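**Q** Okay, so here is structure.csv, and as you'll see once you scroll down, it has CSV, C-alpha atoms and all ligand atoms.
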```
chain,number,residue,atom,x,y,z
B,1135,VAL,CA,-44.7,-70.7,40.7
B,1136,ARG,CA,-41.0,-70.7,41.8
B,1137,VAL,CA,-40.6,-68.9,45.1
B,1138,ALA,CA,-37.4,-67.8,46.8
B,1139,VAL,CA,-37.9,-67.1,50.5
B,1140,LEU,CA,-34.9,-65.0,51.7
B,1141,GLY,CA,-34.4,-65.8,55.4
B,1142,THR,CA,-34.0,-68.8,57.6
B,1143,GLY,CA,-35.7,-67.4,60.8
B,1144,ASP,CA,-39.2,-68.2,62.1
B,1145,VAL,CA,-40.8,-66.1,59.3
B,1146,GLY,CA,-38.8,-67.6,56.5
B,1147,ARG,CA,-39.4,-71.1,57.7
B,1148,CYS,CA,-43.1,-70.5,58.2
B,1149,LEU,CA,-43.7,-68.9,54.8
B,1150,ALA,CA,-41.6,-71.5,53.0
B,1151,ALA,CA,-43.4,-74.4,54.6
B,1152,GLU,CA,-46.8,-72.9,53.8
B,1153,LEU,CA,-45.9,-71.9,50.2
B,1154,ALA,CA,-44.6,-75.4,49.6
B,1155,GLU,CA,-47.7,-76.9,51.2
B,1156,VAL,CA,-50.0,-75.0,48.7
B,1157,GLY,CA,-48.0,-76.3,45.8
B,1158,HIS,CA,-45.2,-73.9,45.0
B,1159,GLU,CA,-41.6,-74.8,44.3
B,1160,VAL,CA,-39.8,-73.1,47.2
B,1161,VAL,CA,-36.1,-72.4,47.9
B,1162,VAL,CA,-35.0,-70.7,51.1
B,1163,GLY,CA,-32.1,-68.3,50.8
B,1164,THR,CA,-29.3,-67.9,53.4
B,1165,ARG,CA,-25.8,-66.4,53.6
B,1166,GLU,CA,-23.9,-69.6,53.6
B,1167,VAL,CA,-25.6,-72.9,53.1
B,1168,GLU,CA,-23.1,-75.0,55.0
B,1169,VAL,CA,-23.0,-72.6,58.0
B,1170,THR,CA,-26.8,-72.6,58.2
B,1171,ARG,CA,-27.0,-76.4,58.0
B,1172,ALA,CA,-24.3,-76.8,60.7
B,1173,ARG,CA,-25.9,-74.3,63.1
B,1174,PRO,CA,-27.2,-76.1,66.2
B,1175,ALA,CA,-30.6,-75.7,67.7
B,1176,GLY,CA,-31.0,-72.6,69.8
B,1177,GLU,CA,-34.1,-70.5,70.2
B,1178,HIS,CA,-35.8,-72.8,67.6
B,1179,ALA,CA,-35.1,-76.1,66.0
B,1180,SER,CA,-31.9,-76.4,63.9
B,1181,PHE,CA,-32.4,-75.6,60.2
B,1182,ASP,CA,-31.3,-79.1,59.4
B,1183,ASP,CA,-34.1,-80.6,61.6
B,1184,TRP,CA,-36.6,-78.2,60.0
B,1185,SER,CA,-35.3,-79.2,56.6
B,1186,ASP,CA,-35.8,-82.9,57.3
B,1187,ALA,CA,-39.4,-82.2,58.2
B,1188,HIS,CA,-39.8,-80.2,54.9
B,1189,PRO,CA,-37.9,-82.3,52.3
B,1190,GLY,CA,-39.5,-80.4,49.4
B,1191,VAL,CA,-38.0,-77.1,50.3
B,1192,GLY,CA,-34.5,-76.3,49.1
B,1193,LEU,CA,-31.7,-74.2,50.7
B,1194,ALA,CA,-29.4,-72.1,48.6
B,1195,THR,CA,-27.5,-68.8,48.8
B,1196,TYR,CA,-29.6,-65.7,48.5
B,1197,ALA,CA,-28.4,-65.3,44.9
B,1198,GLU,CA,-29.0,-68.9,43.9
B,1199,ALA,CA,-32.4,-69.0,45.5
B,1200,ALA,CA,-33.5,-65.9,43.6
B,1201,ALA,CA,-32.2,-67.0,40.2
B,1202,GLY,CA,-35.2,-68.1,38.2
B,1203,ALA,CA,-37.8,-67.3,40.9
B,1204,ASP,CA,-41.1,-65.6,39.9
B,1205,LEU,CA,-41.7,-64.4,43.4
B,1206,VAL,CA,-39.1,-63.4,46.0
B,1207,VAL,CA,-40.0,-62.9,49.6
B,1208,ASN,CA,-37.8,-60.8,51.8
B,1209,ALA,CA,-38.0,-62.4,55.2
B,1210,ALA,CA,-34.5,-61.3,56.4
B,1211,ALA,CA,-33.8,-59.1,59.4
B,1212,GLY,CA,-34.7,-55.5,58.6
B,1213,VAL,CA,-31.2,-54.1,59.3
B,1214,VAL,CA,-29.6,-56.5,56.8
B,1215,SER,CA,-32.4,-56.6,54.1
B,1216,LEU,CA,-30.6,-54.1,51.8
B,1217,GLU,CA,-27.4,-56.2,52.1
B,1218,VAL,CA,-29.4,-59.4,51.3
B,1219,VAL,CA,-30.9,-58.1,48.1
B,1220,ALA,CA,-27.5,-56.6,47.1
B,1221,ALA,CA,-26.3,-60.2,46.9
B,1222,ILE,CA,-28.7,-61.0,44.1
B,1223,ASP,CA,-27.9,-60.4,40.4
B,1224,PRO,CA,-30.2,-57.4,39.4
B,1225,ALA,CA,-31.1,-59.3,36.2
B,1226,ASP,CA,-32.7,-62.0,38.3
B,1227,LEU,CA,-35.0,-59.5,39.9
B,1228,ASP,CA,-36.2,-57.9,36.7
B,1229,GLY,CA,-40.0,-58.0,36.7
B,1230,VAL,CA,-40.1,-60.2,39.7
B,1231,VAL,CA,-42.6,-59.6,42.5
B,1232,LEU,CA,-40.6,-58.8,45.7
B,1233,LEU,CA,-42.9,-59.4,48.7
B,1234,ASP,CA,-41.3,-57.5,51.6
B,1235,VAL,CA,-42.5,-58.8,55.0
B,1236,SER,CA,-39.6,-57.3,57.0
B,1237,ASN,CA,-39.6,-54.6,59.6
B,1238,PRO,CA,-36.9,-52.0,60.0
B,1239,LEU,CA,-36.1,-52.7,63.6
B,1240,ASP,CA,-32.8,-51.9,65.2
B,1241,PHE,CA,-32.2,-54.0,68.4
B,1242,SER,CA,-28.6,-52.8,68.8
B,1243,ALA,CA,-29.5,-50.8,71.9
B,1244,GLY,CA,-31.8,-53.5,73.3
B,1245,PHE,CA,-35.6,-53.6,73.7
B,1246,PRO,CA,-37.7,-51.9,72.6
B,1247,PRO,CA,-36.0,-51.5,69.2
B,1248,THR,CA,-36.0,-48.3,67.2
B,1249,LEU,CA,-37.0,-47.9,63.6
B,1250,THR,CA,-34.1,-47.5,61.1
B,1251,VAL,CA,-36.3,-45.5,58.7
B,1252,ALA,CA,-39.6,-43.6,59.2
B,1253,ASN,CA,-41.8,-40.7,58.3
B,1254,ASP,CA,-40.6,-39.8,54.8
B,1255,ASP,CA,-39.2,-43.2,53.7
B,1256,SER,CA,-39.6,-46.9,54.5
B,1257,LEU,CA,-37.6,-50.0,54.2
B,1258,ALA,CA,-39.9,-51.2,51.4
B,1259,GLU,CA,-39.1,-48.0,49.4
B,1260,GLN,CA,-35.4,-48.5,50.1
B,1261,LEU,CA,-35.7,-52.0,48.7
B,1262,GLN,CA,-37.5,-50.7,45.7
B,1263,ARG,CA,-34.8,-48.1,45.0
B,1264,ALA,CA,-32.1,-50.8,45.5
B,1265,CYS,CA,-34.0,-53.2,43.1
B,1266,PRO,CA,-35.6,-50.9,40.5
B,1267,GLY,CA,-36.4,-53.9,38.2
B,1268,ALA,CA,-38.4,-55.6,40.9
B,1269,ARG,CA,-42.1,-54.9,41.8
B,1270,VAL,CA,-42.0,-54.5,45.6
B,1271,VAL,CA,-45.1,-55.2,47.6
B,1272,LYS,CA,-45.2,-54.6,51.4
B,1273,SER,CA,-47.5,-57.0,53.3
B,1274,LEU,CA,-47.7,-59.3,56.3
B,1275,ASN,CA,-45.2,-57.3,58.4
B,1276,THR,CA,-48.0,-56.3,60.8
B,1277,VAL,CA,-48.8,-59.8,62.0
B,1278,SER,CA,-46.8,-62.6,63.7
B,1279,HIS,CA,-45.5,-65.4,61.5
B,1280,THR,CA,-48.0,-67.9,62.9
B,1281,VAL,CA,-50.9,-65.6,61.9
B,1282,MET,CA,-49.4,-64.8,58.5
B,1283,VAL,CA,-50.0,-68.3,57.3
B,1284,ASP,CA,-53.0,-69.2,59.4
B,1285,PRO,CA,-55.3,-66.2,60.0
B,1286,SER,CA,-58.0,-68.5,61.5
B,1287,ARG,CA,-55.8,-68.7,64.6
B,1288,LEU,CA,-57.5,-65.5,65.6
B,1289,ALA,CA,-61.3,-65.6,66.1
B,1290,GLY,CA,-63.4,-62.9,64.3
B,1291,PRO,CA,-62.5,-60.6,61.5
B,1292,HIS,CA,-59.1,-59.0,61.3
B,1293,GLU,CA,-57.1,-57.5,58.4
B,1294,VAL,CA,-53.8,-57.6,56.6
B,1295,PHE,CA,-52.4,-54.8,54.4
B,1296,VAL,CA,-50.8,-54.6,51.0
B,1297,ALA,CA,-49.0,-51.6,49.5
B,1298,GLY,CA,-47.2,-51.3,46.2
B,1299,ASP,CA,-46.9,-49.4,43.0
B,1300,ASP,CA,-47.8,-52.2,40.6
B,1301,ALA,CA,-51.4,-53.4,40.6
B,1302,ASP,CA,-50.5,-56.8,39.1
B,1303,ALA,CA,-47.9,-57.5,41.7
B,1304,LYS,CA,-50.3,-56.6,44.5
B,1305,GLN,CA,-52.7,-59.1,42.9
B,1306,VAL,CA,-50.0,-61.8,42.9
B,1307,VAL,CA,-49.5,-61.1,46.6
B,1308,THR,CA,-53.2,-61.0,47.4
B,1309,ASP,CA,-53.6,-64.5,45.7
B,1310,VAL,CA,-50.8,-65.8,48.0
B,1311,LEU,CA,-52.5,-64.3,51.0
B,1312,VAL,CA,-55.8,-65.9,50.0
B,1313,GLY,CA,-54.0,-69.2,49.6
B,1314,PHE,CA,-52.8,-68.8,53.2
B,1315,GLY,CA,-56.5,-68.5,54.3
B,1316,TRP,CA,-57.0,-64.7,54.3
B,1317,SER,CA,-60.4,-63.8,53.0
B,1318,PRO,CA,-60.2,-61.3,50.0
B,1319,ASP,CA,-62.2,-58.9,52.2
B,1320,ALA,CA,-59.5,-59.0,54.9
B,1321,VAL,CA,-56.8,-57.8,52.5
B,1322,VAL,CA,-56.8,-54.0,52.6
B,1323,ASP,CA,-55.0,-52.3,49.7
B,1324,LEU,CA,-53.3,-49.2,51.2
B,1325,GLY,CA,-52.3,-47.9,47.8
B,1326,PRO,CA,-48.8,-47.0,46.6
B,1327,LEU,CA,-45.6,-48.4,48.2
B,1328,ARG,CA,-45.2,-45.2,50.2
B,1329,ALA,CA,-48.1,-46.5,52.4
B,1330,ALA,CA,-45.5,-49.0,53.7
B,1331,ARG,CA,-44.3,-46.2,55.9
B,1332,GLY,CA,-47.4,-46.4,58.0
B,1333,ALA,CA,-47.4,-50.2,58.1
B,1334,GLU,CA,-43.8,-50.1,59.3
B,1335,MET,CA,-44.3,-47.3,61.8
B,1336,TYR,CA,-47.1,-49.4,63.4
B,1337,LEU,CA,-44.3,-51.6,64.8
B,1338,PRO,CA,-43.7,-49.6,68.0
B,1339,LEU,CA,-47.4,-50.0,68.8
B,1340,TRP,CA,-47.4,-53.7,67.8
B,1341,LEU,CA,-44.5,-54.2,70.3
B,1342,SER,CA,-46.4,-52.3,73.1
B,1343,LEU,CA,-49.5,-54.4,72.4
B,1344,MET,CA,-47.4,-57.6,72.5
B,1345,GLN,CA,-46.2,-56.6,76.0
B,1346,ALA,CA,-49.6,-55.4,77.2
B,1347,LEU,CA,-51.4,-58.6,75.9
B,1348,GLY,CA,-48.6,-61.0,76.7
B,1349,THR,CA,-48.8,-62.7,73.3
B,1350,THR,CA,-47.7,-62.2,69.7
B,1351,GLU,CA,-51.0,-63.6,68.4
B,1352,PHE,CA,-53.2,-60.6,67.9
B,1353,ASN,CA,-54.2,-58.4,65.0
B,1354,LEU,CA,-56.1,-55.2,64.1
B,1355,HIS,CA,-59.7,-55.2,62.9
B,1356,VAL,CA,-60.7,-52.0,61.1
B,1357,VAL,CA,-64.4,-51.0,61.9
B,1358,ARG,CA,-65.9,-48.9,59.2
B,1359,GLY,CA,-68.5,-46.2,59.8
B,1360,GLU,CA,-71.9,-46.3,58.0
B,1361,SER,CA,-71.4,-43.3,55.7
H,1,LIG,N1,-41.1,-62.9,63.9
H,1,LIG,C1,-42.3,-62.5,63.4
H,1,LIG,O1,-43.4,-63.0,63.8
H,1,LIG,C2,-42.3,-61.4,62.4
H,1,LIG,C3,-43.6,-60.8,62.0
H,1,LIG,C4,-43.6,-59.8,61.0
H,1,LIG,C5,-42.4,-59.4,60.4
H,1,LIG,N2,-41.2,-59.9,60.9
H,1,LIG,C6,-40.0,-59.5,60.2
H,1,LIG,O2,-39.6,-60.6,59.3
H,1,LIG,C7,-38.2,-60.6,59.2
H,1,LIG,C8,-37.6,-62.0,59.6
H,1,LIG,O3,-37.8,-62.2,61.0
H,1,LIG,P1,-37.3,-63.6,61.7
H,1,LIG,O4,-37.6,-63.4,63.1
H,1,LIG,O5,-37.8,-64.7,60.9
H,1,LIG,O6,-35.7,-63.6,61.4
H,1,LIG,P2,-34.5,-62.6,61.8
H,1,LIG,O7,-33.8,-63.2,62.9
H,1,LIG,O8,-35.0,-61.2,61.9
H,1,LIG,O9,-33.6,-62.7,60.4
H,1,LIG,C9,-33.0,-64.0,60.1
H,1,LIG,C10,-32.4,-63.8,58.7
H,1,LIG,O10,-31.6,-62.7,58.6
H,1,LIG,C11,-30.3,-63.1,58.0
H,1,LIG,N3,-29.2,-62.3,58.4
H,1,LIG,C12,-28.8,-61.9,59.7
H,1,LIG,N4,-27.7,-61.2,59.6
H,1,LIG,C13,-27.3,-61.1,58.3
H,1,LIG,C14,-26.3,-60.4,57.6
H,1,LIG,N5,-25.3,-59.7,58.3
H,1,LIG,N6,-26.3,-60.5,56.3
H,1,LIG,C15,-27.2,-61.2,55.6
H,1,LIG,N7,-28.2,-61.8,56.2
H,1,LIG,C16,-28.3,-61.8,57.6
H,1,LIG,C17,-30.1,-64.5,58.5
H,1,LIG,O11,-29.2,-65.1,57.6
H,1,LIG,P3,-28.7,-66.6,57.7
H,1,LIG,O12,-29.8,-67.5,57.2
H,1,LIG,O13,-27.5,-66.7,56.9
H,1,LIG,O14,-28.5,-66.9,59.2
H,1,LIG,C18,-31.5,-65.1,58.5
H,1,LIG,O15,-31.8,-65.6,57.2
H,1,LIG,C19,-37.7,-59.5,60.1
H,1,LIG,O16,-37.5,-58.4,59.2
H,1,LIG,C20,-38.8,-59.3,61.0
H,1,LIG,O17,-38.8,-57.9,61.5
H,1,LIG,C21,-41.2,-60.9,61.8
```
What do you get writing this file as structure tokens?
Ligand SMILES: NC(=O)c1ccc[n+]([C@@H]2O[C@H](COP(=O)([O-])OP(=O)(O)OC[C@H]3O[C@@H](n4cnc5c(N)ncnc54)[C@H](OP(=O)(O)O)[C@@H]3O)[C@@H](O)[C@H]2O)c1

**A**
Amino acid sequence: VRVAVLGTGDVGRCLAAELAEVGHEVVVGTREVEVTRARPAGEHASFDDWSDAHPGVGLATYAEAAAGADLVVNAAAGVVSLEVVAAIDPADLDGVVLLDVSNPLDFSAGFPPTLTVANDDSLAEQLQRACPGARVVKSLNTVSHTVMVDPSRLAGPHEVFVAGDDADAKQVVTDVLVGFGWSPDAVVDLGPLRAARGAEMYLPLWLSLMQALGTTEFNLHVVRGES
């Protein structure tokens, strides 16, 4: 499978590395290839150093990365995600599974961030409206990037959610999650894409938990009643 991972941050790198590791052909998408390659190390390693350690993963503009991809992953900052998909030729998204792992967080007034969309809409639905030919699936936005690709980092059972309007697309994403090590039982199908609203509105609680627990490595476990 050809995969485009839109985003060069921690999430894009982590997902790209793992998708390549499990055998997919992966290209990371960015605004400007030369600018990204020239950016020095800051919060994390420079992309160039990361790239040297992952020689099988390509780097291209968002549009070039998405051209010919079977699966496109939106791992861009939430506030720019609509801009990012707008850079892609709509024909290249026709029928494509668009896995959206982003969160609609606005940090412009500092921490904690606010949600740019909530209640009666979600970023995932905004992306679906912006890319009507694509089959958008929301998943992985409720866990840190390290847990996304290695759920065994957390002891005991814990879950990840999928939401989307296309059952086959959700199966494609579920297969990707299982490839990352999630047990099929740990993948909870929340139903249609509108369920992404709740998954995104969990973020304020996720951020409070991060502060309370002093770590980004935690997750939810849903305990079912007997009846
Ligand atoms: N960090 C986590 O553990 C975690 C967990 C769950 C979900 N998420 C979500 O995953 C997404 C990615 O998070 P992240 O921390 O890896 O990266 P990030 O810093 O949120 O986003 C980095 C990406 O956004 C792009 N970008 C920034 N400004 C842009 C603009 N004006 N136009 C187009 N693209 C622009 C950057 O492009 P360039 O490549 O050109 O610089 C880069 O590819 C976010 O939506 C985040 O909320 C994060």

**Q** Counting all atoms listed in the file, give me one row per residue of chain B with an atom at most 8 Å from an atom of ligand LIG 1 (chain H), showing the shortest contact pair and its distance in Å to one decimal, sorted by chain then residue number, as JSON lines.

**A**
```
{"residue": "B:Leu1140", "atom": "CA", "partner": "H:LIG1", "partner_atom": "O15", "distance": 6.3}
{"residue": "B:Gly1141", "atom": "CA", "partner": "H:LIG1", "partner_atom": "O15", "distance": 3.2}
{"residue": "B:Thr1142", "atom": "CA", "partner": "H:LIG1", "partner_atom": "O15", "distance": 3.9}
{"residue": "B:Gly1143", "atom": "CA", "partner": "H:LIG1", "partner_atom": "O5", "distance": 3.4}
{"residue": "B:Asp1144", "atom": "CA", "partner": "H:LIG1", "partner_atom": "O5", "distance": 4.0}
{"residue": "B:Val1145", "atom": "CA", "partner": "H:LIG1", "partner_atom": "O5", "distance": 3.7}
{"residue": "B:Gly1146", "atom": "CA", "partner": "H:LIG1", "partner_atom": "O5", "distance": 5.4}
{"residue": "B:Arg1147", "atom": "CA", "partner": "H:LIG1", "partner_atom": "O5", "distance": 7.3}
{"residue": "B:Gly1163", "atom": "CA", "partner": "H:LIG1", "partner_atom": "O12", "distance": 6.8}
{"residue": "B:Thr1164", "atom": "CA", "partner": "H:LIG1", "partner_atom": "O12", "distance": 3.9}
{"residue": "B:Arg1165", "atom": "CA", "partner": "H:LIG1", "partner_atom": "O13", "distance": 3.7}
{"residue": "B:Glu1166", "atom": "CA", "partner": "H:LIG1", "partner_atom": "O13", "distance": 5.7}
{"residue": "B:Val1167", "atom": "CA", "partner": "H:LIG1", "partner_atom": "O13", "distance": 7.5}
{"residue": "B:Val1169", "atom": "CA", "partner": "H:LIG1", "partner_atom": "O13", "distance": 7.5}
{"residue": "B:Thr1170", "atom": "CA", "partner": "H:LIG1", "partner_atom": "O12", "distance": 6.0}
{"residue": "B:Asn1208", "atom": "CA", "partner": "H:LIG1", "partner_atom": "C7", "distance": 7.4}
{"residue": "B:Ala1209", "atom": "CA", "partner": "H:LIG1", "partner_atom": "C7", "distance": 4.4}
{"residue": "B:Ala1210", "atom": "CA", "partner": "H:LIG1", "partner_atom": "O10", "distance": 3.9}
{"residue": "B:Ala1211", "atom": "CA", "partner": "H:LIG1", "partner_atom": "O8", "distance": 3.5}
{"residue": "B:Gly1212", "atom": "CA", "partner": "H:LIG1", "partner_atom": "O16", "distance": 4.1}
{"residue": "B:Val1213", "atom": "CA", "partner": "H:LIG1", "partner_atom": "O16", "distance": 7.6}
{"residue": "B:Val1214", "atom": "CA", "partner": "H:LIG1", "partner_atom": "C14", "distance": 5.2}
{"residue": "B:Ser1215", "atom": "CA", "partner": "H:LIG1", "partner_atom": "N7", "distance": 7.0}
{"residue": "B:Glu1217", "atom": "CA", "partner": "H:LIG1", "partner_atom": "C15", "distance": 6.1}
{"residue": "B:Val1218", "atom": "CA", "partner": "H:LIG1", "partner_atom": "C15", "distance": 5.2}
{"residue": "B:Val1235", "atom": "CA", "partner": "H:LIG1", "partner_atom": "C5", "distance": 5.4}
{"residue": "B:Ser1236", "atom": "CA", "partner": "H:LIG1", "partner_atom": "O16", "distance": 3.2}
{"residue": "B:Asn1237", "atom": "CA", "partner": "H:LIG1", "partner_atom": "O17", "distance": 3.9}
{"residue": "B:Pro1238", "atom": "CA", "partner": "H:LIG1", "partner_atom": "O17", "distance": 6.4}
{"residue": "B:Leu1239", "atom": "CA", "partner": "H:LIG1", "partner_atom": "O17", "distance": 6.2}
{"residue": "B:Leu1274", "atom": "CA", "partner": "H:LIG1", "partner_atom": "C4", "distance": 6.3}
{"residue": "B:Asn1275", "atom": "CA", "partner": "H:LIG1", "partner_atom": "C4", "distance": 3.9}
{"residue": "B:Thr1276", "atom": "CA", "partner": "H:LIG1", "partner_atom": "C4", "distance": 5.6}
{"residue": "B:Val1277", "atom": "CA", "partner": "H:LIG1", "partner_atom": "C3", "distance": 5.3}
{"residue": "B:Ser1278", "atom": "CA", "partner": "H:LIG1", "partner_atom": "O1", "distance": 3.4}
{"residue": "B:His1279", "atom": "CA", "partner": "H:LIG1", "partner_atom": "O1", "distance": 3.9}
{"residue": "B:Thr1280", "atom": "CA", "partner": "H:LIG1", "partner_atom": "O1", "distance": 6.8}
{"residue": "B:Met1282", "atom": "CA", "partner": "H:LIG1", "partner_atom": "C3", "distance": 7.9}
{"residue": "B:Thr1350", "atom": "CA", "partner": "H:LIG1", "partner_atom": "O1", "distance": 7.3}
```

**Q** Could you tell me, as a ChimeraX atom specification, which residues have any atom at most 9 Å from (-52.4, -51.0, 44.3), counting only C-alpha atoms?

**A** /B:1296-1305,1323-1327

**Q** Please, which residues are within 12 Å of (-51.9, -66.1, 64.4) by the file's coordinates, counting only C-alpha atoms, and could they come as a PyMOL selection string?

**A** chain B and resi 1148+1274+1276-1290+1292-1294+1314-1316+1349-1354

**Q** Compile the contact shell of Ala1258 of chain B as a PyMOL selection string: residues with an atom at most 8 Å away, counting only C-alpha atoms, same-chain residues fewer than 2 positions apart removed.

**A** chain B and resi 1234+1256+1260-1262+1270-1272+1327+1330

**Q** Can those selected residues be exported to a file as an mmCIF file, keeping the file's coordinate frame so that it contains C-alpha atoms?

**A**
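As a result, selection-v2.cif now contains:
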```cif
data_model
loop_
_atom_site.group_PDB
_atom_site.id
_atom_site.type_symbol
_atom_site.label_atom_id
_atom_site.label_comp_id
_atom_site.auth_asym_id
_atom_site.auth_seq_id
_atom_site.Cartn_x
_atom_site.Cartn_y
_atom_site.Cartn_z
ATOM 1 C CA ASP B 1234 -41.300 -57.500 51.600
ATOM 2 C CA SER B 1256 -39.600 -46.900 54.500
ATOM 3 C CA GLN B 1260 -35.400 -48.500 50.100
ATOM 4 C CA LEU B 1261 -35.700 -52.000 48.700
ATOM 5 C CA GLN B 1262 -37.500 -50.700 45.700
ATOM 6 C CA VAL B 1270 -42.000 -54.500 45.600
ATOM 7 C CA VAL B 1271 -45.100 -55.200 47.600
ATOM 8 C CA LYS B 1272 -45.200 -54.600 51.400
ATOM 9 C CA LEU B 1327 -45.600 -48.400 48.200
ATOM 10 C CA ALA B 1330 -45.500 -49.000 53.700
#
```

**Q** What is the atom CA of Val1162 of chain B-atom CA of Val1321 of chain B distance in Å, reported with one decimal?

**A** 25.4 Å

**Q** Do you have the atom CA of Leu1347 of chain B-atom CA of Pro1246 of chain B distance handy?

**A**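 If I compute the distance from atom CA of Leu1347 of chain B to atom CA of Pro1246 of chain B, I get 15.6 Å.
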
**Q** Find the distance between atom CA of Met1335 of chain B and atom CA of Arg1263 of chain B and write it in Å to one decimal.

**A**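 Between atom CA of Met1335 of chain B and atom CA of Arg1263 of chain B the gap is 19.3 Å.
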
**Q** Point out the residue among B:Val1306, B:Val1357, B:Val1206, B:Ala1197 with the least atom-to-atom distance to Val1160 of chain B, counting only C-alpha atoms.

**A**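 Going through B:Val1306, B:Val1357, B:Val1206, B:Ala1197 one by one, the smallest distance to Val1160 of chain B is for B:Val1206.
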
**Q** Please determine, counting all atoms listed in the file, which residue among B:Pro1291, B:Gly1190, B:Pro1224, B:Gly1244 has the shortest atom-to-atom distance to Pro1266 of chain B.

**A** B:Pro1224

**Q** As a list in words, please: the residues near Ala1138 of chain B (cut-off 9 Å, all atoms listed in the file, same-chain neighbours under 2 positions excluded).

**A** Arg1136, Leu1140, Ala1150, Glu1159, Val1160, Val1161, Val1162, Gly1163, Tyr1196, Glu1198, Ala1199, Ala1200, Ala1201, Gly1202, Ala1203, Asp1204, Leu1205, Val1206, Val1207 and Asn1208 of chain B

**Q** Check the smallest atom-to-atom distance from each of B:Val1310, B:Val1356, B:Leu1257, B:Ala1151 to Pro1189 of chain B using only C-alpha atoms, then report the winner.

**A**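 That would be B:Ala1151, the residue with the smallest distance to Pro1189 of chain B.
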
**Q** Using only C-alpha atoms, which of the listed residues (B:Pro1247, B:Gly1359, B:Pro1174, B:Gly1267) sits closest to Ala1225 of chain B?

**A** B:Gly1267
